[in-house]
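Q: Sharing a structure below in C-alpha cells format, with a few things to ask.
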Number of protein chains: 2
Amino acid sequence: MPPSFSHLVASLNLSQPFPGRRELERKRGRPYRLRLGANECLFGMSPAVSRVLATRGGELPYYSDPAQLELRTAIAQGRGLTHEHVVVAEGIEGLLGLFTRAYLDPGDTAVTSLGGYPSFDYYVRGCGGRLVHVPYTRAGWNDLDALVDAARRQRAKLLYLANPDNPTGTHHGPAELERLLDQLPEECLLLLDEAYVEFADPGSVLPFTRSRPHLVRLRTFSKAYGLAAARVGYALASPEQVSTLDRIRQHFAVSQLSQELALAAWRDVDFLGQVIGATREGREHYAELARRVGATVLPSSANFVSFDFGGTTRARAVARWLDEKDILVRHPSEPFGQLVRITVGPLAARELLAEVLASAPSP
Amino acid sequence: MPPSFSHLVASLNLSQPFPGRRELERKRGRPYRLRLGANECLFGMSPAVSRVLATRGGELPYYSDPAQLELRTAIAQGRGLTHEHVVVAEGIEGLLGLFTRAYLDPGDTAVTSLGGYPSFDYYVRGCGGRLVHVPYTRAGWNDLDALVDAARRQRAKLLYLANPDNPTGTHHGPAELERLLDQLPEECLLLLDEAYVEFADPGSVLPFTRSRPHLVRLRTFSKAYGLAAARVGYALASPEQVSTLDRIRQHFAVSQLSQELALAAWRDVDFLGQVIGATREGREHYAELARRVGATVLPSSANFVSFDFGGTTRARAVARWLDEKDILVRHPSEPFGQLVRITVGPLAARELLAEVLASAPSP
C-alpha cells in the first residue's frame, strides 16, 4: 500500500483554474493565429528588457538575491514606502498562495465574488479554507456592500477583490474602496488584486499610505510590463506582513535574471506608457467592434474587454466561431456565460479579429 | 488591530536556510572574486541554452504550458517511464514544498539527518510537521539503519535523504538503498533528493523502476545542467502522486522559457559530460589541495568537496581567511563545524583557491 496523502490534500478535488494555450492547441491539433485569451501583453516588451536578456543571460547558472533588495527598493520609491513594505514572489499566483497560507487555518473563511478570478478559490481550498461567494450586481460590478456584509456575517479572515475586475474589467475608485475599508470588520484583511491597475485611469487608483493594516495590494509584471514568463509579482503590505511571509516563502524562487528583467521593465516608463496608450485605443476599437456585431461591452479599465452577447448561447457560438478561425478568447463560466473576454492587441490583431467577427454566423 | 495570522504561521520562527551571496556582499561591503559557496555550475552553460535565450527571449510576455508536456516526456524517455511519472516544479525547493504539503497534516512526523540539507526542515515546519533528526555516523555518512529505525518508531510519514548528501558529498549505492526501501515502514515515503546525482558514478545510481510507491526521487537543472536561475526541478513519482500534486501546485510557475532552457540543457549530453568530467578532475585536485594544508576530504560524489580541518576552530579560521580574500565557501553549522564545503570550479578558480589556501595562517 502506498503512503497516504495528508487529510487536507486527499480531500481536495482536482481543479486547474485555466487550461494553457498549448494544452488547447494539443487538443484541437493546430496552433492559434491570435492569442487573445490570457490577457498577456501583446505589444511585445521593453527594449531594456531585451538588453538585460542579451547581456545578463550568462547569469543563468547562479542563484538569486533572496532578499530582492534592489527590485523592492525600486518598487517602493516614489510611493512613500520602503522595501520593507514590498514582498516579491512568483507572480500574483505565488502571492495568493502565500497570503492564504499566512492567514487561513483550516476551516477559516474567505469571501470573494461569485464568478470572479478563480485562482483565489484554488489557494483557499488548498489551505482547507471555507469559501463564501457573493454575487456580482446585475450590471456586472463587484457588490462591495454585499462583500463587506458577508465578511462581517461569516467572520471572514480574508476578502478578495480584483480591481480592475477579472473577467468584467470594471474598476472601483478611491472613495468606494475607502468606504469598503472603513466598514471592513477588524479581523478581516482585504486582498486587493491590482493585476490590471496600470491600465486604469491614474486618478481612479487608491493612493498609497503606509498604515493600512487591513489592506494588501497585489501587483504583477505579467500584464502591463509584458513579463508573464519572468514570474514576478509583488505585494504592498505592512512590514510585519512582509517579514512574516519570510517564514513560509520560497526565498530563492524569483531568479536574479527575473529580478533584473523586472527592474528594467519597471524603469522603462516610456514603454509602459506606450502599452497603456495602445491598450486604451484598443479598448475603444473593441467597443466599436461590439456595436457592429450587436453586442455591448462592459466598461473596462484593464487590457481586455468583455463583450456582452446578451445570452450564453450566442456568446458560446461566437467563442466557438473565433476558435474555429484560430483566435483564442475566453468564454467565462456562469454567471458570466453571456460574456466573451478578449485581450486587447495591436491594430493588426484587432483588424483580423474584426474581420472574423463580421463573418460570424448570425444568432 | 491588524488581522491575525493563522495559528500555524504565527507559531513559526523566522528561519532562512541560506543567506544569498548578494546579502553577504552587502554586509561585507565588497563582492567576491570566487563564488564557491552555493554549488552552482561554475563551468558556464550549454551553447544550446544560449541559443534558446537568444531566439526565444521574445516569449517573455506569454504564459507557459502548465502541463509541461514536452519537458516531462523528454525526462521520462529512456527510463522506462512516461510523462505521467514526472512532476516539474520551481526547483527541488518547490518540490519539497509540494511533497511536504501533500503528505503532512499538522503534527505528522518527518525524519531526516541531523545537520543535513536544511530546506527540508523549513518546509516540514511550514506544514506544522514534527521533525525527528537522526545523527550521521561518525564517519560523516547518513545512518540508513538508524533513519529507518526512527521512521518506524516515530510512525513517520516522510523520510528525507539527500544522496549524494549535502553537506558531506557521500553517496549510497543501489544495494544500500534497496535495503532501506525494503525495511521502510509501509506508511512512510522516502523523499530521495538526488540534486547532485549526475556527478556520481553512474554504476552507483539506483536504477529506475515504475512501481515503487514508497520512493520519490527529486532532481534539478540547477547543478549539473547549469540552470539555477531557470528554477526547474523534477520529481520521478507514481502517476497517482503526480496527479495529486496537480491539486496544490502552481500550474504556471515554471515559465515556457525555463521549460525550453531546461529541454535544451537536457538534450545537450555533450555539455553535461564535459561538466561532469571537469568536476571529477576538480574533486581530485581538491583532495590534493586538502593534503597540502593538512586537511582530509570526505569522499564526494557531488560538485563540491567538504574539507575536514579536524575541528571547528580551524575550519572557521580557514573559512574566514578565504572570505577576507574574497572567496565565498560554506562553513556548515554543527555537527559539521569541522568542515568547509567548497564548490568545484574550473582550473583557474582552483588555482586561485590553492594560492589563497597556501597562505592561510597556520593553526
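In the C-alpha cells, chains take letters A, B, ... by order of appearance, with residues numbered from 1 within each chain and ligands from 1 in the order shown.
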Please identify every residue of chain B that has at least one atom no farther than 7 Å from an atom of chain A, counting only C-alpha atoms, and for each give the shortest atom pair and the distance in Å to one decimal, arranged by chain then increasing number, as JSON lines.
A:
{"residue": "B:Met1", "atom": "CA", "partner": "A:Glu186", "partner_atom": "CA", "distance": 6.7}
{"residue": "B:Pro2", "atom": "CA", "partner": "A:Pro213", "partner_atom": "CA", "distance": 4.9}
{"residue": "B:Pro3", "atom": "CA", "partner": "A:Glu187", "partner_atom": "CA", "distance": 4.5}
{"residue": "B:Ser4", "atom": "CA", "partner": "A:Glu187", "partner_atom": "CA", "distance": 6.8}
{"residue": "B:Phe5", "atom": "CA", "partner": "A:Tyr103", "partner_atom": "CA", "distance": 4.5}
{"residue": "B:Ser6", "atom": "CA", "partner": "A:Tyr103", "partner_atom": "CA", "distance": 4.5}
{"residue": "B:His7", "atom": "CA", "partner": "A:Asp105", "partner_atom": "CA", "distance": 6.6}
{"residue": "B:Val9", "atom": "CA", "partner": "A:Ala102", "partner_atom": "CA", "distance": 5.7}
{"residue": "B:Leu12", "atom": "CA", "partner": "A:Arg247", "partner_atom": "CA", "distance": 6.6}
{"residue": "B:Asn13", "atom": "CA", "partner": "A:Arg247", "partner_atom": "CA", "distance": 6.6}
{"residue": "B:Leu14", "atom": "CA", "partner": "A:Arg247", "partner_atom": "CA", "distance": 4.9}
{"residue": "B:Ser15", "atom": "CA", "partner": "A:Arg247", "partner_atom": "CA", "distance": 6.3}
{"residue": "B:Gly20", "atom": "CA", "partner": "A:Asp65", "partner_atom": "CA", "distance": 5.4}
{"residue": "B:Arg21", "atom": "CA", "partner": "A:Asp65", "partner_atom": "CA", "distance": 6.8}
{"residue": "B:Arg22", "atom": "CA", "partner": "A:Asp65", "partner_atom": "CA", "distance": 5.5}
{"residue": "B:Glu23", "atom": "CA", "partner": "A:Asp65", "partner_atom": "CA", "distance": 6.7}
{"residue": "B:Glu40", "atom": "CA", "partner": "A:Tyr62", "partner_atom": "CA", "distance": 5.9}
{"residue": "B:Cys41", "atom": "CA", "partner": "A:Pro61", "partner_atom": "CA", "distance": 5.8}
{"residue": "B:Gly44", "atom": "CA", "partner": "A:Pro61", "partner_atom": "CA", "distance": 6.6}
{"residue": "B:Met45", "atom": "CA", "partner": "A:Pro61", "partner_atom": "CA", "distance": 6.8}
{"residue": "B:Ala54", "atom": "CA", "partner": "A:Ala54", "partner_atom": "CA", "distance": 7.0}
{"residue": "B:Leu60", "atom": "CA", "partner": "A:Ala229", "partner_atom": "CA", "distance": 4.7}
{"residue": "B:Pro61", "atom": "CA", "partner": "A:Gly226", "partner_atom": "CA", "distance": 4.4}
{"residue": "B:Tyr62", "atom": "CA", "partner": "A:Ala228", "partner_atom": "CA", "distance": 5.3}
{"residue": "B:Tyr63", "atom": "CA", "partner": "A:Ala229", "partner_atom": "CA", "distance": 5.6}
{"residue": "B:Ser64", "atom": "CA", "partner": "A:Gly20", "partner_atom": "CA", "distance": 6.9}
{"residue": "B:Asp65", "atom": "CA", "partner": "A:Gly20", "partner_atom": "CA", "distance": 5.4}
{"residue": "B:Pro66", "atom": "CA", "partner": "A:Gly20", "partner_atom": "CA", "distance": 5.8}
{"residue": "B:Glu90", "atom": "CA", "partner": "A:Ala253", "partner_atom": "CA", "distance": 6.9}
{"residue": "B:Ala102", "atom": "CA", "partner": "A:Phe5", "partner_atom": "CA", "distance": 5.6}
{"residue": "B:Tyr103", "atom": "CA", "partner": "A:Ser6", "partner_atom": "CA", "distance": 4.5}
{"residue": "B:Leu104", "atom": "CA", "partner": "A:Ser6", "partner_atom": "CA", "distance": 5.2}
{"residue": "B:Asp105", "atom": "CA", "partner": "A:Ser6", "partner_atom": "CA", "distance": 5.2}
{"residue": "B:Gly126", "atom": "CA", "partner": "A:Ile248", "partner_atom": "CA", "distance": 5.9}
{"residue": "B:Glu186", "atom": "CA", "partner": "A:Pro3", "partner_atom": "CA", "distance": 6.5}
{"residue": "B:Glu187", "atom": "CA", "partner": "A:Pro3", "partner_atom": "CA", "distance": 4.5}
{"residue": "B:Cys188", "atom": "CA", "partner": "A:Pro3", "partner_atom": "CA", "distance": 5.6}
{"residue": "B:Leu189", "atom": "CA", "partner": "A:Pro3", "partner_atom": "CA", "distance": 6.0}
{"residue": "B:Pro213", "atom": "CA", "partner": "A:Pro2", "partner_atom": "CA", "distance": 5.0}
{"residue": "B:His214", "atom": "CA", "partner": "A:Pro2", "partner_atom": "CA", "distance": 6.1}
{"residue": "B:Ser222", "atom": "CA", "partner": "A:Pro61", "partner_atom": "CA", "distance": 6.9}
{"residue": "B:Gly226", "atom": "CA", "partner": "A:Pro61", "partner_atom": "CA", "distance": 4.4}
{"residue": "B:Leu227", "atom": "CA", "partner": "A:Pro61", "partner_atom": "CA", "distance": 4.6}
{"residue": "B:Ala228", "atom": "CA", "partner": "A:Pro61", "partner_atom": "CA", "distance": 4.9}
{"residue": "B:Ala229", "atom": "CA", "partner": "A:Leu60", "partner_atom": "CA", "distance": 4.7}
{"residue": "B:Ala230", "atom": "CA", "partner": "A:Leu60", "partner_atom": "CA", "distance": 6.4}
{"residue": "B:Arg231", "atom": "CA", "partner": "A:Ala253", "partner_atom": "CA", "distance": 6.9}
{"residue": "B:Asp246", "atom": "CA", "partner": "A:Leu14", "partner_atom": "CA", "distance": 6.6}
{"residue": "B:Arg247", "atom": "CA", "partner": "A:Leu14", "partner_atom": "CA", "distance": 4.9}
{"residue": "B:Ile248", "atom": "CA", "partner": "A:Gly126", "partner_atom": "CA", "distance": 6.0}
{"residue": "B:Ala253", "atom": "CA", "partner": "A:Glu90", "partner_atom": "CA", "distance": 6.9}
{"residue": "B:Ser255", "atom": "CA", "partner": "A:Ala229", "partner_atom": "CA", "distance": 4.9}
{"residue": "B:Gln256", "atom": "CA", "partner": "A:Ala229", "partner_atom": "CA", "distance": 6.6}
{"residue": "B:Leu257", "atom": "CA", "partner": "A:Ala229", "partner_atom": "CA", "distance": 6.8}
Q: Write out as a list of chain:residue names the residues lying within 12 Å of Leu81 (chain B), counting only C-alpha atoms and excluding same-chain residues fewer than 5 positions away.
A: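 Contacts, in chain order: B:Arg72, B:Thr73, B:Ala74, B:Ile75, B:Ala76, B:Val86, B:Pro207, B:Phe208, B:Thr209, B:Arg210, B:Ser211, B:Leu236, B:Ala237, B:Ser238, B:Pro239.
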Q: What gap, in Å, lies between CA of Val132 (chain A) and CA of Thr343 (chain A)?
A: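 It comes out at 28.9 Å.
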Q: Give the alpha helix (DSSP H) residues of region 177-330 of chain A, as DSSP finds them on the backbone, and put them as JSON, numbers by chain.
A: {"A": [177, 178, 179, 180, 181, 182, 183, 239, 240, 241, 242, 243, 244, 245, 256, 257, 258, 259, 260, 261, 262, 263, 264, 265, 266, 267, 269, 270, 271, 272, 273, 274, 275, 276, 277, 278, 279, 280, 281, 282, 283, 284, 285, 286, 287, 288, 289, 290, 291, 292, 312, 313, 314, 315, 316, 317, 318, 319, 320, 321, 322, 323, 324]}
Q: For region 303-308 of chain B, find every residue with an atom within 10 Å (counting only C-alpha atoms), except residues of its own chain fewer than 6 positions away, and show them as an MDAnalysis selection string.
A: chainID B and resid 36:42 164 166:170 196:200 223:224 275:276 278:280 282:284 286:287 289:291 293:297 314:315 330:332 336:345
Q: Which parts of region 43-252 of chain A does DSSP call strand (DSSP E) when run on the backbone here, written out as an MDAnalysis selection string?
A: chainID A and resid 86:89 109:113 130:134 158:162 189:193 215:220 233:236
Q: Just give me the gap between CA of Pro174 (chain B) and CA of Val111 (chain B) in Å, one decimal is fine.
A: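 So the answer is 20.7 Å.
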Q: Could you please determine the separation between CA of Ser113 (chain B) and CA of Tyr160 (chain B) in Å, to one decimal place?
A: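 Pair CA of Ser113 (chain B) / CA of Tyr160 (chain B) returns 7.9 Å.
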